[in-house]
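Participant: Pasting my_file18.cif below, which is mmCIF, C-alpha atoms.
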data_input
#
loop_
_atom_site.label_atom_id
_atom_site.label_comp_id
_atom_site.auth_asym_id
_atom_site.auth_seq_id
_atom_site.Cartn_x
_atom_site.Cartn_y
_atom_site.Cartn_z
CA MET A 1 29.65 -7.05 -28.58
CA ILE A 2 27.62 -9.50 -26.50
CA CYS A 3 27.95 -12.15 -29.21
CA ARG A 4 31.73 -11.65 -29.30
CA VAL A 5 31.95 -12.04 -25.52
CA LEU A 6 29.70 -15.11 -25.64
CA ARG A 7 31.84 -16.75 -28.36
CA THR A 8 35.01 -16.05 -26.36
CA ILE A 9 33.55 -17.57 -23.21
CA ILE A 10 32.33 -20.65 -25.09
CA ASN A 11 35.62 -21.16 -26.93
CA PHE A 12 37.96 -20.77 -23.97
CA SER A 13 36.06 -21.79 -20.86
CA GLY A 14 34.52 -25.11 -21.79
CA ILE A 15 31.35 -24.02 -19.98
CA PRO A 16 28.24 -25.46 -21.63
CA ALA A 17 26.37 -22.96 -23.76
CA THR A 18 23.15 -23.44 -21.77
CA ILE A 19 24.82 -22.23 -18.59
CA ILE A 20 26.29 -19.26 -20.45
CA GLY A 21 22.89 -18.42 -21.96
CA VAL A 22 21.30 -18.52 -18.51
CA PHE A 23 24.13 -16.41 -17.10
CA LEU A 24 23.76 -13.80 -19.83
CA LEU A 25 20.00 -13.71 -19.37
CA SER A 26 20.42 -13.33 -15.64
CA PHE A 27 23.05 -10.63 -16.13
CA TYR A 28 21.08 -8.59 -18.67
CA ILE A 29 17.55 -9.31 -17.47
CA VAL A 30 17.56 -10.24 -13.78
CA ASN A 31 20.19 -7.85 -12.45
CA PRO A 32 18.30 -4.72 -13.55
CA PHE A 33 15.42 -5.99 -11.42
CA LEU A 34 17.64 -5.71 -8.38
CA ARG A 35 17.19 -1.96 -8.84
CA PHE A 36 14.03 -2.41 -10.93
CA ASP A 37 14.28 1.16 -12.17
CA TRP A 38 14.26 0.36 -15.89
CA LEU A 39 10.77 -1.17 -15.78
CA CYS A 40 9.18 0.76 -12.95
CA LYS A 41 8.34 4.43 -13.02
CA ARG A 42 10.70 5.98 -10.51
CA ARG A 43 11.74 9.49 -9.71
CA LYS A 44 15.26 10.67 -10.54
CA ASN A 45 16.55 9.67 -7.11
CA LEU A 46 15.10 6.14 -7.66
CA GLU A 47 13.49 6.27 -4.24
CA ALA A 48 9.77 5.60 -4.00
CA LYS A 49 7.82 8.11 -1.98
CA PRO A 50 5.92 6.54 0.93
CA GLU A 51 2.60 7.79 -0.42
CA SER A 52 3.14 6.29 -3.89
CA LYS A 53 1.44 2.99 -4.58
CA PRO A 54 3.65 -0.01 -5.34
CA GLU A 55 3.99 -1.18 -8.91
CA LYS A 56 1.87 -4.24 -9.75
CA VAL A 57 3.94 -6.87 -11.49
CA LEU A 58 2.51 -10.01 -13.09
CA VAL A 59 5.05 -12.77 -13.77
CA LEU A 60 4.01 -15.67 -16.01
CA THR A 61 6.11 -18.76 -16.67
CA GLY A 62 5.43 -20.86 -19.74
CA SER A 63 7.70 -23.83 -19.20
CA PRO A 64 6.18 -27.27 -18.70
CA ARG A 65 8.99 -28.05 -16.23
CA PRO A 66 8.51 -26.55 -12.75
CA ASN A 67 12.26 -26.03 -12.11
CA SER A 68 13.29 -24.98 -15.61
CA ASN A 69 15.90 -22.35 -16.40
CA SER A 70 13.24 -19.85 -17.45
CA THR A 71 11.24 -20.49 -14.26
CA ILE A 72 14.36 -19.96 -12.12
CA LEU A 73 15.04 -16.67 -13.91
CA ALA A 74 11.39 -15.61 -13.54
CA GLU A 75 11.56 -16.29 -9.81
CA GLN A 76 14.75 -14.20 -9.59
CA ALA A 77 12.97 -11.37 -11.41
CA GLN A 78 10.09 -11.78 -8.96
CA ASN A 79 12.47 -11.58 -5.98
CA GLY A 80 14.14 -8.46 -7.38
CA ALA A 81 10.80 -6.77 -7.98
CA LYS A 82 9.65 -7.62 -4.45
CA ALA A 83 12.90 -6.27 -3.03
CA ALA A 84 12.22 -3.02 -4.89
CA GLY A 85 8.81 -2.76 -3.24
CA ALA A 86 6.61 -4.02 -6.05
CA ASP A 87 3.44 -6.03 -5.52
CA VAL A 88 4.23 -9.24 -7.44
CA GLU A 89 2.16 -12.26 -8.46
CA LEU A 90 3.66 -15.28 -10.23
CA PHE A 91 1.65 -17.84 -12.19
CA HIS A 92 2.89 -21.06 -13.79
CA LEU A 93 0.85 -21.37 -16.98
CA ALA A 94 1.58 -25.11 -17.30
CA GLY A 95 -0.29 -25.73 -14.06
CA MET A 96 -3.38 -23.84 -15.18
CA LYS A 97 -6.27 -24.99 -17.33
CA ILE A 98 -6.21 -22.59 -20.28
CA ASN A 99 -8.15 -23.64 -23.36
CA PRO A 100 -7.36 -22.38 -26.85
CA CYS A 101 -9.28 -19.46 -28.30
CA SER A 102 -12.29 -20.80 -30.19
CA ALA A 103 -12.49 -17.73 -32.47
CA CYS A 104 -16.18 -17.37 -31.63
CA ASP A 105 -15.77 -13.56 -31.36
CA GLY A 106 -18.04 -13.58 -28.30
CA CYS A 107 -15.58 -11.16 -26.70
CA ARG A 108 -16.01 -8.75 -29.64
CA LYS A 109 -19.79 -8.52 -29.63
CA LYS A 110 -21.60 -5.40 -28.51
CA ASN A 111 -21.84 -5.26 -24.70
CA ALA A 112 -19.49 -8.25 -24.39
CA ARG A 113 -17.99 -8.86 -20.98
CA GLY A 114 -14.75 -10.48 -22.08
CA CYS A 115 -13.99 -14.01 -23.14
CA VAL A 116 -16.84 -16.50 -22.99
CA ILE A 117 -14.58 -19.49 -22.27
CA LYS A 118 -14.71 -20.30 -18.57
CA ASP A 119 -11.28 -21.53 -17.54
CA ASP A 120 -8.26 -20.25 -15.62
CA MET A 121 -7.80 -17.29 -17.98
CA GLN A 122 -10.74 -15.74 -16.13
CA LEU A 123 -8.37 -15.58 -13.15
CA LEU A 124 -5.64 -13.93 -15.23
CA TYR A 125 -7.68 -11.32 -17.16
CA PRO A 126 -8.22 -8.95 -14.20
CA ARG A 127 -4.58 -9.35 -13.17
CA VAL A 128 -3.38 -8.49 -16.67
CA LYS A 129 -5.58 -5.38 -16.62
CA ALA A 130 -4.35 -4.31 -13.19
CA ALA A 131 -0.65 -4.97 -13.81
CA ASP A 132 1.77 -2.13 -14.52
CA VAL A 133 4.43 -4.62 -15.62
CA ILE A 134 3.99 -8.05 -17.22
CA ILE A 135 6.94 -10.43 -17.31
CA ILE A 136 6.63 -13.50 -19.52
CA ALA A 137 9.28 -16.21 -19.12
CA GLY A 138 9.62 -19.41 -21.05
CA PRO A 139 11.75 -21.67 -23.18
CA VAL A 140 12.27 -21.36 -26.91
CA TYR A 141 10.80 -24.40 -28.66
CA TRP A 142 11.26 -24.75 -32.41
CA PHE A 143 12.05 -21.04 -32.84
CA ASN A 144 8.92 -20.08 -30.93
CA MET A 145 7.39 -19.81 -27.48
CA SER A 146 6.03 -22.82 -25.60
CA ALA A 147 2.46 -23.98 -26.14
CA TYR A 148 1.46 -22.73 -22.69
CA THR A 149 2.72 -19.23 -23.44
CA LYS A 150 1.07 -19.30 -26.87
CA LEU A 151 -2.30 -20.24 -25.36
CA PHE A 152 -2.04 -17.30 -22.96
CA MET A 153 -1.02 -14.88 -25.72
CA ASP A 154 -3.82 -16.05 -28.04
CA ARG A 155 -6.42 -15.57 -25.34
CA LEU A 156 -5.40 -11.91 -24.96
CA TYR A 157 -7.51 -11.52 -28.12
CA ALA A 158 -10.40 -10.97 -25.70
CA PHE A 159 -9.01 -7.50 -24.96
CA GLY A 160 -9.45 -6.54 -28.61
CA SER A 161 -13.03 -5.39 -28.27
CA GLY A 162 -11.74 -2.28 -26.53
CA ASP A 163 -9.05 -1.71 -29.14
CA TYR A 164 -6.62 -3.45 -26.76
CA ARG A 165 -6.79 -0.48 -24.36
CA ALA A 166 -6.32 -2.86 -21.45
CA LEU A 167 -2.81 -3.60 -22.73
CA ARG A 168 -1.75 -0.04 -23.47
CA LYS A 169 1.03 1.53 -21.41
CA LYS A 170 2.01 -1.81 -19.91
CA ARG A 171 5.71 -2.44 -19.57
CA ILE A 172 6.63 -5.91 -20.80
CA GLY A 173 9.63 -7.99 -19.79
CA ILE A 174 10.52 -11.15 -21.67
CA ILE A 175 12.81 -13.89 -20.38
CA LEU A 176 13.64 -16.59 -22.95
CA THR A 177 15.97 -19.56 -22.55
CA TYR A 178 17.16 -22.18 -24.99
CA GLY A 179 19.36 -25.23 -24.63
CA ASP A 180 22.16 -25.07 -27.16
CA ALA A 181 24.92 -22.80 -28.41
CA ASN A 182 23.44 -22.96 -31.90
CA PRO A 183 19.78 -21.83 -32.02
CA PHE A 184 19.43 -23.57 -35.40
CA VAL A 185 20.08 -26.90 -33.71
CA SER A 186 17.93 -26.50 -30.62
CA GLY A 187 15.28 -24.25 -32.10
#
Using the file provided, produce a representation of the structure as structure tokens.
Facilitator:
Amino acid sequence: MICRVLRTIINFSGIPATIIGVFLLSFYIVNPFLRFDWLCKRRKNLEAKPESKPEKVLVLTGSPRPNSNSTILAEQAQNGAKAAGADVELFHLAGMKINPCSACDGCRKKNARGCVIKDDMQLLYPRVKAADVIIIAGPVYWFNMSAYTKLFMDRLYAFGSGDYRALRKKRIGIILTYGDANPFVSG
């Protein structure tokens, strides 16, 4: 159904496909954050009790461009989560020094205290553990995520020593953008 609507809009409106893709992402991803009830644990009346702690939301952008479509959508998701009372932190991965995983397995050794590489991931590890919701936003490059997002994802390997318990029961939101009507052209 969504594809049929998208084709109709592209064929009859003359609106560039990128704008339509961003609109659809904002409609299907950002607007639910205005209520934020589909990612956050809420009671049936969708009202948070004053004594309940706010949800912790970690938003990560993986675009190399600071004002990219995916960054704009991530900021809208952040604004919606804040409006719903969540405690939100946003990080731009392109502005951080994150080295690739060296596959040394230092994080997997007995009595290991996480990843041995000292870079900006050390700032993100405790936030990933503490987050109730993790939102990852980024562009689609060559049918895949950006290099910045991939570095972050690869470094989550450090949580594997505990059977990835640190990632269990996390709610994950993904915002992806691409720049063409045909994904086989733009990748």
Participant: How would you write, as an NGL selection string, the residues chosen by the PyMOL selection byres ((chain A and resi 111-122) around 6) on this structure?
Facilitator: :A and (97-98 or 107 or 109-110 or 123-125 or 158)
Participant: Select from range 155-176 of chain A every residue with an atom at most 10 Å from any atom of range 63-77 of chain A, then for each give the shortest pair of atoms and their distance in Å to one decimal, using only C-alpha atoms, rows by chain and rising number, as CSV.
Facilitator:
residue,atom,partner,partner_atom,distance
A:Gly173,CA,A:Ala77,CA,9.6
A:Ile174,CA,A:Ala74,CA,9.3
A:Ile175,CA,A:Ser70,CA,6.7
A:Leu176,CA,A:Ser70,CA,6.4
Participant: Between A:Lys169, A:Arg155, A:Lys53, A:Arg127, which one has atoms that come closest to Ala86 in chain A, using only C-alpha atoms?
Facilitator: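 Going through A:Lys169, A:Arg155, A:Lys53, A:Arg127 one by one, the smallest distance to Ala86 in chain A is for A:Lys53.
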Participant: Which residues match the PyMOL selection byres ((chain A and resi 131) around 9) in the file above, as a VMD selection string?
Facilitator: chain A and resid 55 to 58 126 to 130 132 to 134 170 to 171
Participant: Can you tell me how far CA of Met96 in chain A sits from CA of Arg108 in chain A, in Å to one decimal?
Facilitator: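 Atom-to-atom, CA of Met96 in chain A to CA of Arg108 in chain A, that is 24.4 Å.
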Participant: Can you work out which one of A:Thr177, A:Ile172, A:Gly138, A:Val185 has the shortest atom-to-atom distance to Gly62 in chain A, counting all atoms listed in the file?
Facilitator: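 Between A:Thr177, A:Ile172, A:Gly138, A:Val185, the residue approaching Gly62 in chain A most closely is A:Gly138.
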Participant: Can you give me, as a list in words, the residues this file yields under the PyMOL selection byres ((chain A and resi 178) around 6)?
Facilitator: Pro139, Val140, Thr177 and Gly179 of chain A
Participant: Output C-alpha atoms of each residue in that selection to a file, as a tab-separated table (two decimals), in the coordinates of the input.
Facilitator:
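Saved the output as selection.tsv:
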chain	number	residue	atom	x	y	z
A	139	PRO	CA	11.75	-21.67	-23.18
A	140	VAL	CA	12.27	-21.36	-26.91
A	177	THR	CA	15.97	-19.56	-22.55
A	179	GLY	CA	19.36	-25.23	-24.63
Participant: Have a look at CA of Thr61 in chain A and CA of His92 in chain A and let me know their distance in Å, one decimal.
Facilitator: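 So the two atoms, CA of Thr61 in chain A and CA of His92 in chain A, lie 4.9 Å apart.
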Participant: Please indicate the distance in Å from CA of Tyr157 in chain A to CA of Lys82 in chain A, rounded to one decimal place.
Facilitator: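 Going from CA of Tyr157 in chain A over to CA of Lys82 in chain A covers 29.5 Å.
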Participant: Counting all atoms listed in the file, which residues have an atom no more than 7 Å from (5.8, -13.5, -9.3) in the file's coordinates? Please list them as a VMD selection string.
Facilitator: chain A and resid 58 to 59 75 78 88 to 91
